[in-house]
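Asks: This is the structure, below, for whatever I ask next.
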Amino acid sequence: MVETTERVDRLLGELTREEKLRLVSGTEDPEGTATGYLPGVDRLDVPAFKLVDGPLGVRAEGERATAFPASLALAATFDPELAREQGAAMAREAKAYDQDALLAPGANLVRVPHCGRNFEYFSEDPRVSAALTAGVVEGIHDEDVVATVKHYVANNQEHNRTRVSAEVDERTLRELYLPAFRAAVEAGVGSVMAAYNRVNGTHMSDHRALVSGVLKGEGGFEGYVV
C-alpha cells in the first residue's frame, strides 16, 4: 500500500494539467465495448481504464455475455455467499472482455413498486440489501475487478430521474437508504456511482454533505466516485 501511494504521488507530480483532466473526464472507448473509458498516459505507462455495465452481467457492447439472475431474485435466496459467487462469476466475464471495473451492484431499496430498475436492486429491507451488496462486492474484488456500488443515494424512481428531488429526512436516510452503501464500503468497494437524482434539492454529484461528509468523512470511503 505504501509503495502504491508513493507511486501515485510521483505520477501526480509528473502529470500535466491536461493529462489529469483526461484521467477524470473520460472519452469514447475506441473498441466500442466499454460503458465508460479513461484513456491512459503512454509516456508514464499509465494504462487505459475501462468500466462496463453489470448488475445482471457484463454489458460489453456488441459481445455475448451470460444473463445472470436479477438482483431481486438473488436476494430472495437470503444467501450472501451465493451473492459473492455471482459477483465473482460476473467479474471473470468482465476480465474476459478486458474490462477493469464492473458497474455493480445496485444497492438502492425497492421503495416504489413501479420503479423501472427494481429488478436491478436487492430488496425493500435495508439489512438484506446490505448483506447481499457486501457479498457481490467481495466476489467482484476476489477476481481483481473494481466493484462500483450504485446509485448513491435515494434513487428509487426512473421517471424524471435527472430532475426529481428525493426529499428524505436524516433518520430515514441513515436507517433505510444508507446501510447497503455502508456495507459496500466496509466490504472494501473500490468505487461508488452517484445517483442521477437530487436529494433534498441538490444533485448527488454535487452533494457535499452526502458525498464528502457522509460517504468519505463518516464512512471512510477512499475509492473514487463516478
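Following the order of the C-alpha cells, chains are lettered A, B, ..., residues in each are numbered from 1, and ligands are numbered from 1.
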With only C-alpha atoms as the counted atoms, please give the residues lying no more than 8 Å from stretch 195-210 of chain A, apart from itself and same-chain residues fewer than 6 positions off, as a ChimeraX atom specification.
Replies: /A:150-155,161-168
Asks: Just want the 6 Å neighbourhood of A:Pro80, counted on only C-alpha atoms, with same-chain residues fewer than 3 positions away dropped. Output as a ChimeraX atom specification.
Replies: /A:83,131-132,135
Asks: Just C-alpha atoms for this one: save the residues we selected as a compact mmCIF listing (two decimals), in the first residue's frame.
Replies:
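Final output, saved to selection.txt:
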```txt
# COMPACT_ATOMS: atom_id res chain seq x y z
CA ALA A 83 -24.07 -13.36 -3.92
CA ALA A 131 -25.75 -8.29 3.25
CA LEU A 132 -26.22 -9.08 -0.44
CA GLY A 135 -21.39 -10.32 -0.91
```
Asks: Write out as a list in words the residues lying within 8 Å of stretch 92-97 of chain A, counting only C-alpha atoms and excluding same-chain residues fewer than 3 positions away.
Replies: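 Final neighbour list, sorted by chain and number: Val52, Val58, Ala60, Ala65, Ala88, Ala89, Asp100, Ala101, Leu102, Glu143 and Val145 of chain A.
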Asks: Produce a file of the selected residues containing C-alpha atoms, as a PDB file, in the first residue's frame.
Replies:
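Okay, this is what ended up in part.pdb:
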```
ATOM      1  CA  VAL A  52     -18.564  -1.869 -18.068  1.00  0.00           C
ATOM      2  CA  VAL A  58     -21.487  -7.842 -18.319  1.00  0.00           C
ATOM      3  CA  ALA A  60     -19.964  -5.196 -23.298  1.00  0.00           C
ATOM      4  CA  ALA A  65     -22.448 -12.467 -22.149  1.00  0.00           C
ATOM      5  CA  ALA A  88     -17.016 -13.376  -8.850  1.00  0.00           C
ATOM      6  CA  ALA A  89     -18.556 -15.006 -11.916  1.00  0.00           C
ATOM      7  CA  ASP A 100     -11.271  -3.148 -15.340  1.00  0.00           C
ATOM      8  CA  ALA A 101     -14.369  -2.087 -13.408  1.00  0.00           C
ATOM      9  CA  LEU A 102     -17.860  -3.562 -13.191  1.00  0.00           C
ATOM     10  CA  GLU A 143     -11.346 -11.591  -9.207  1.00  0.00           C
ATOM     11  CA  VAL A 145     -12.025  -6.224 -10.793  1.00  0.00           C
TER      12      VAL A 145
END
```
Asks: Please report the interatomic distance between atom CA of A:Ala73 and atom CA of A:Gly190 in Å with one decimal.
Replies: 24.8 Å
Asks: Show which residues sit within 12 Å of A:Asn118, as a list in words. Count only C-alpha atoms, and ignore same-chain residues fewer than 5 positions away.
Replies: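 That gives Pro55, Ala70, Ser71, Leu72, Ala73, Ala75, Gly106, Ala107, Asn108, Leu109, Val110, Arg111, Val112, Pro113, Ser123, Glu124, Asn155, Asn156, Gln157 and Glu158 of chain A.
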Asks: What's the separation between atom CA of A:Val192 and atom CA of A:Val226, in Å to one decimal place?
Replies: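 Atom CA of A:Val226 lies 6.2 Å from atom CA of A:Val192.
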Asks: Can you pull out the residues contacting A:Leu21? Cut-off 12 Å, using only C-alpha atoms, and skip same-chain residues under 2 positions away; I want them as a ChimeraX atom specification.
Replies: /A:12,15-19,23-27,38-41
Asks: Can you pull out the residues contacting A:Glu175? Cut-off 12 Å, using only C-alpha atoms, and skip same-chain residues under 6 positions away; I want them as a list in words.
Replies: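 Counting only C-alpha atoms, the residues come to Leu109, Asp125, Pro126, Arg127, Ala130, Val168, Asp169, Phe181 and Arg182 of chain A.
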Asks: Output the selection as a short mmCIF file (atom, residue, chain, number, x, y, z; two decimals), in the first residue's frame - C-alpha atoms for each residue.
Replies:
```cif
data_model
loop_
_atom_site.label_atom_id
_atom_site.label_comp_id
_atom_site.auth_asym_id
_atom_site.auth_seq_id
_atom_site.Cartn_x
_atom_site.Cartn_y
_atom_site.Cartn_z
CA LEU A 109 -34.01 -0.03 -1.82
CA ASP A 125 -35.26 -4.39 3.54
CA PRO A 126 -32.05 -2.47 4.33
CA ARG A 127 -30.40 -5.35 6.20
CA ALA A 130 -26.65 -4.61 2.92
CA VAL A 168 -35.59 12.50 2.76
CA ASP A 169 -35.14 13.25 6.46
CA PHE A 181 -23.78 1.62 0.85
CA ARG A 182 -22.10 1.48 4.26
#
```
Asks: Could you please determine the separation between atom CA of A:Val225 and atom CA of A:Tyr37 in Å, to one decimal place?
Replies: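 Here the two named atoms are 14.6 Å from each other.
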Asks: Using only C-alpha atoms, which residues sit within 10 Å of A:Arg84 once same-chain residues fewer than 5 positions away are excluded, as a list in words?
Replies: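 The residues that qualify are Asp79, Ala89, Met90, Leu132, Thr133, Ala134, Gly135, Val136, Val137, Glu138, Gly139, Ile140, His141 and Asp142 of chain A.
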Asks: Determine the nearest neighbour of A:Asp98 from the options A:Leu51, A:Leu178, A:Leu56, A:Cys115, counting only C-alpha atoms.
Replies: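 Smallest separation from A:Asp98 among the options: A:Leu51.
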Asks: What parts of stretch 3-182 of chain A does DSSP call strand (DSSP E)? I'd like the answer as a PyMOL selection string.
Replies: chain A and resi 36-38+49-53+101-103+146-152+165-166
Asks: So that I have them on file, write out the residues from the current selection with N, CA, C and O atoms, as a PDB file, in the first residue's frame.
Replies:
```
ATOM      1  N   GLY A  36     -17.807   3.018 -19.949  1.00  0.00           N
ATOM      2  CA  GLY A  36     -17.001   4.206 -19.653  1.00  0.00           C
ATOM      3  C   GLY A  36     -15.548   3.920 -19.953  1.00  0.00           C
ATOM      4  O   GLY A  36     -15.087   2.782 -19.811  1.00  0.00           O
ATOM      5  N   TYR A  37     -14.812   4.950 -20.369  1.00  0.00           N
ATOM      6  CA  TYR A  37     -13.426   4.722 -20.803  1.00  0.00           C
ATOM      7  C   TYR A  37     -12.554   5.921 -20.438  1.00  0.00           C
ATOM      8  O   TYR A  37     -12.891   7.072 -20.750  1.00  0.00           O
ATOM      9  N   LEU A  38     -11.455   5.643 -19.764  1.00  0.00           N
ATOM     10  CA  LEU A  38     -10.464   6.672 -19.449  1.00  0.00           C
ATOM     11  C   LEU A  38      -9.185   6.346 -20.209  1.00  0.00           C
ATOM     12  O   LEU A  38      -8.608   5.267 -20.006  1.00  0.00           O
ATOM     13  N   PHE A  49      -8.316   2.720 -18.716  1.00  0.00           N
ATOM     14  CA  PHE A  49      -9.177   2.134 -17.692  1.00  0.00           C
ATOM     15  C   PHE A  49     -10.579   2.004 -18.268  1.00  0.00           C
ATOM     16  O   PHE A  49     -11.156   2.983 -18.739  1.00  0.00           O
ATOM     17  N   LYS A  50     -11.125   0.778 -18.236  1.00  0.00           N
ATOM     18  CA  LYS A  50     -12.421   0.517 -18.856  1.00  0.00           C
ATOM     19  C   LYS A  50     -13.448   0.104 -17.800  1.00  0.00           C
ATOM     20  O   LYS A  50     -13.173  -0.744 -16.947  1.00  0.00           O
ATOM     21  N   LEU A  51     -14.629   0.702 -17.906  1.00  0.00           N
ATOM     22  CA  LEU A  51     -15.724   0.404 -16.994  1.00  0.00           C
ATOM     23  C   LEU A  51     -16.890  -0.147 -17.796  1.00  0.00           C
ATOM     24  O   LEU A  51     -17.250   0.417 -18.838  1.00  0.00           O
ATOM     25  N   VAL A  52     -17.483  -1.236 -17.314  1.00  0.00           N
ATOM     26  CA  VAL A  52     -18.564  -1.869 -18.068  1.00  0.00           C
ATOM     27  C   VAL A  52     -19.781  -2.071 -17.173  1.00  0.00           C
ATOM     28  O   VAL A  52     -19.650  -2.364 -15.982  1.00  0.00           O
ATOM     29  N   ASP A  53     -20.963  -1.898 -17.752  1.00  0.00           N
ATOM     30  CA  ASP A  53     -22.201  -2.084 -17.001  1.00  0.00           C
ATOM     31  C   ASP A  53     -22.330  -3.517 -16.532  1.00  0.00           C
ATOM     32  O   ASP A  53     -21.800  -4.440 -17.151  1.00  0.00           O
ATOM     33  N   ALA A 101     -13.392  -2.370 -14.461  1.00  0.00           N
ATOM     34  CA  ALA A 101     -14.369  -2.087 -13.408  1.00  0.00           C
ATOM     35  C   ALA A 101     -15.750  -2.531 -13.853  1.00  0.00           C
ATOM     36  O   ALA A 101     -16.125  -2.368 -15.014  1.00  0.00           O
ATOM     37  N   LEU A 102     -16.497  -3.105 -12.922  1.00  0.00           N
ATOM     38  CA  LEU A 102     -17.860  -3.562 -13.191  1.00  0.00           C
ATOM     39  C   LEU A 102     -18.823  -2.624 -12.465  1.00  0.00           C
ATOM     40  O   LEU A 102     -18.703  -2.434 -11.247  1.00  0.00           O
ATOM     41  N   LEU A 103     -19.751  -2.020 -13.206  1.00  0.00           N
ATOM     42  CA  LEU A 103     -20.687  -1.065 -12.614  1.00  0.00           C
ATOM     43  C   LEU A 103     -21.809  -1.833 -11.919  1.00  0.00           C
ATOM     44  O   LEU A 103     -22.945  -1.895 -12.373  1.00  0.00           O
ATOM     45  N   VAL A 146     -12.691  -3.964 -10.188  1.00  0.00           N
ATOM     46  CA  VAL A 146     -13.218  -2.933  -9.292  1.00  0.00           C
ATOM     47  C   VAL A 146     -14.745  -2.995  -9.276  1.00  0.00           C
ATOM     48  O   VAL A 146     -15.391  -2.890 -10.323  1.00  0.00           O
ATOM     49  N   ALA A 147     -15.329  -3.158  -8.096  1.00  0.00           N
ATOM     50  CA  ALA A 147     -16.780  -3.096  -7.945  1.00  0.00           C
ATOM     51  C   ALA A 147     -17.213  -1.642  -7.808  1.00  0.00           C
ATOM     52  O   ALA A 147     -16.522  -0.833  -7.182  1.00  0.00           O
ATOM     53  N   THR A 148     -18.362  -1.312  -8.407  1.00  0.00           N
ATOM     54  CA  THR A 148     -18.898   0.048  -8.340  1.00  0.00           C
ATOM     55  C   THR A 148     -20.332  -0.021  -7.831  1.00  0.00           C
ATOM     56  O   THR A 148     -21.257  -0.342  -8.577  1.00  0.00           O
ATOM     57  N   VAL A 149     -20.523   0.246  -6.539  1.00  0.00           N
ATOM     58  CA  VAL A 149     -21.863   0.188  -5.973  1.00  0.00           C
ATOM     59  C   VAL A 149     -22.650   1.428  -6.403  1.00  0.00           C
ATOM     60  O   VAL A 149     -22.109   2.521  -6.495  1.00  0.00           O
ATOM     61  N   LYS A 150     -23.934   1.253  -6.693  1.00  0.00           N
ATOM     62  CA  LYS A 150     -24.746   2.351  -7.201  1.00  0.00           C
ATOM     63  C   LYS A 150     -26.212   2.172  -6.767  1.00  0.00           C
ATOM     64  O   LYS A 150     -26.584   1.088  -6.319  1.00  0.00           O
ATOM     65  N   HIS A 151     -27.000   3.198  -6.863  1.00  0.00           N
ATOM     66  CA  HIS A 151     -26.767   4.598  -7.249  1.00  0.00           C
ATOM     67  C   HIS A 151     -26.911   5.439  -5.988  1.00  0.00           C
ATOM     68  O   HIS A 151     -28.013   5.532  -5.453  1.00  0.00           O
ATOM     69  N   TYR A 152     -25.846   5.995  -5.525  1.00  0.00           N
ATOM     70  CA  TYR A 152     -25.773   6.706  -4.246  1.00  0.00           C
ATOM     71  C   TYR A 152     -26.354   8.115  -4.374  1.00  0.00           C
ATOM     72  O   TYR A 152     -25.768   8.951  -5.019  1.00  0.00           O
ATOM     73  N   SER A 165     -36.298  15.420  -7.097  1.00  0.00           N
ATOM     74  CA  SER A 165     -35.589  15.561  -5.828  1.00  0.00           C
ATOM     75  C   SER A 165     -36.249  14.674  -4.793  1.00  0.00           C
ATOM     76  O   SER A 165     -37.438  14.811  -4.507  1.00  0.00           O
ATOM     77  N   ALA A 166     -35.480  13.741  -4.249  1.00  0.00           N
ATOM     78  CA  ALA A 166     -35.982  12.887  -3.176  1.00  0.00           C
ATOM     79  C   ALA A 166     -35.857  13.649  -1.862  1.00  0.00           C
ATOM     80  O   ALA A 166     -34.746  13.970  -1.436  1.00  0.00           O
TER      81      ALA A 166
END
```
Asks: Give the answer as one residue: which of A:Thr172, A:Gln99, A:Thr5, A:Ser129 has the shortest atom-to-atom distance to A:Glu31, using only C-alpha atoms?
Replies: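 Among A:Thr172, A:Gln99, A:Thr5, A:Ser129, it is A:Gln99 that comes nearest to A:Glu31.
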Asks: Based on the backbone DSSP call, show me all residues of stretch 21-104 of chain A assigned alpha helix (DSSP H), as a list in words.
Replies: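 Here are the alpha helix (DSSP H) residues of stretch 21-104 of chain A: Leu21, Arg22, Leu23, Val24, Ser25, Ser71, Leu72, Ala73, Leu74, Ala75, Pro80, Glu81, Leu82, Ala83, Arg84, Glu85, Gln86, Gly87, Ala88, Ala89, Met90, Ala91, Arg92, Glu93, Ala94, Lys95 and Ala96 of chain A.
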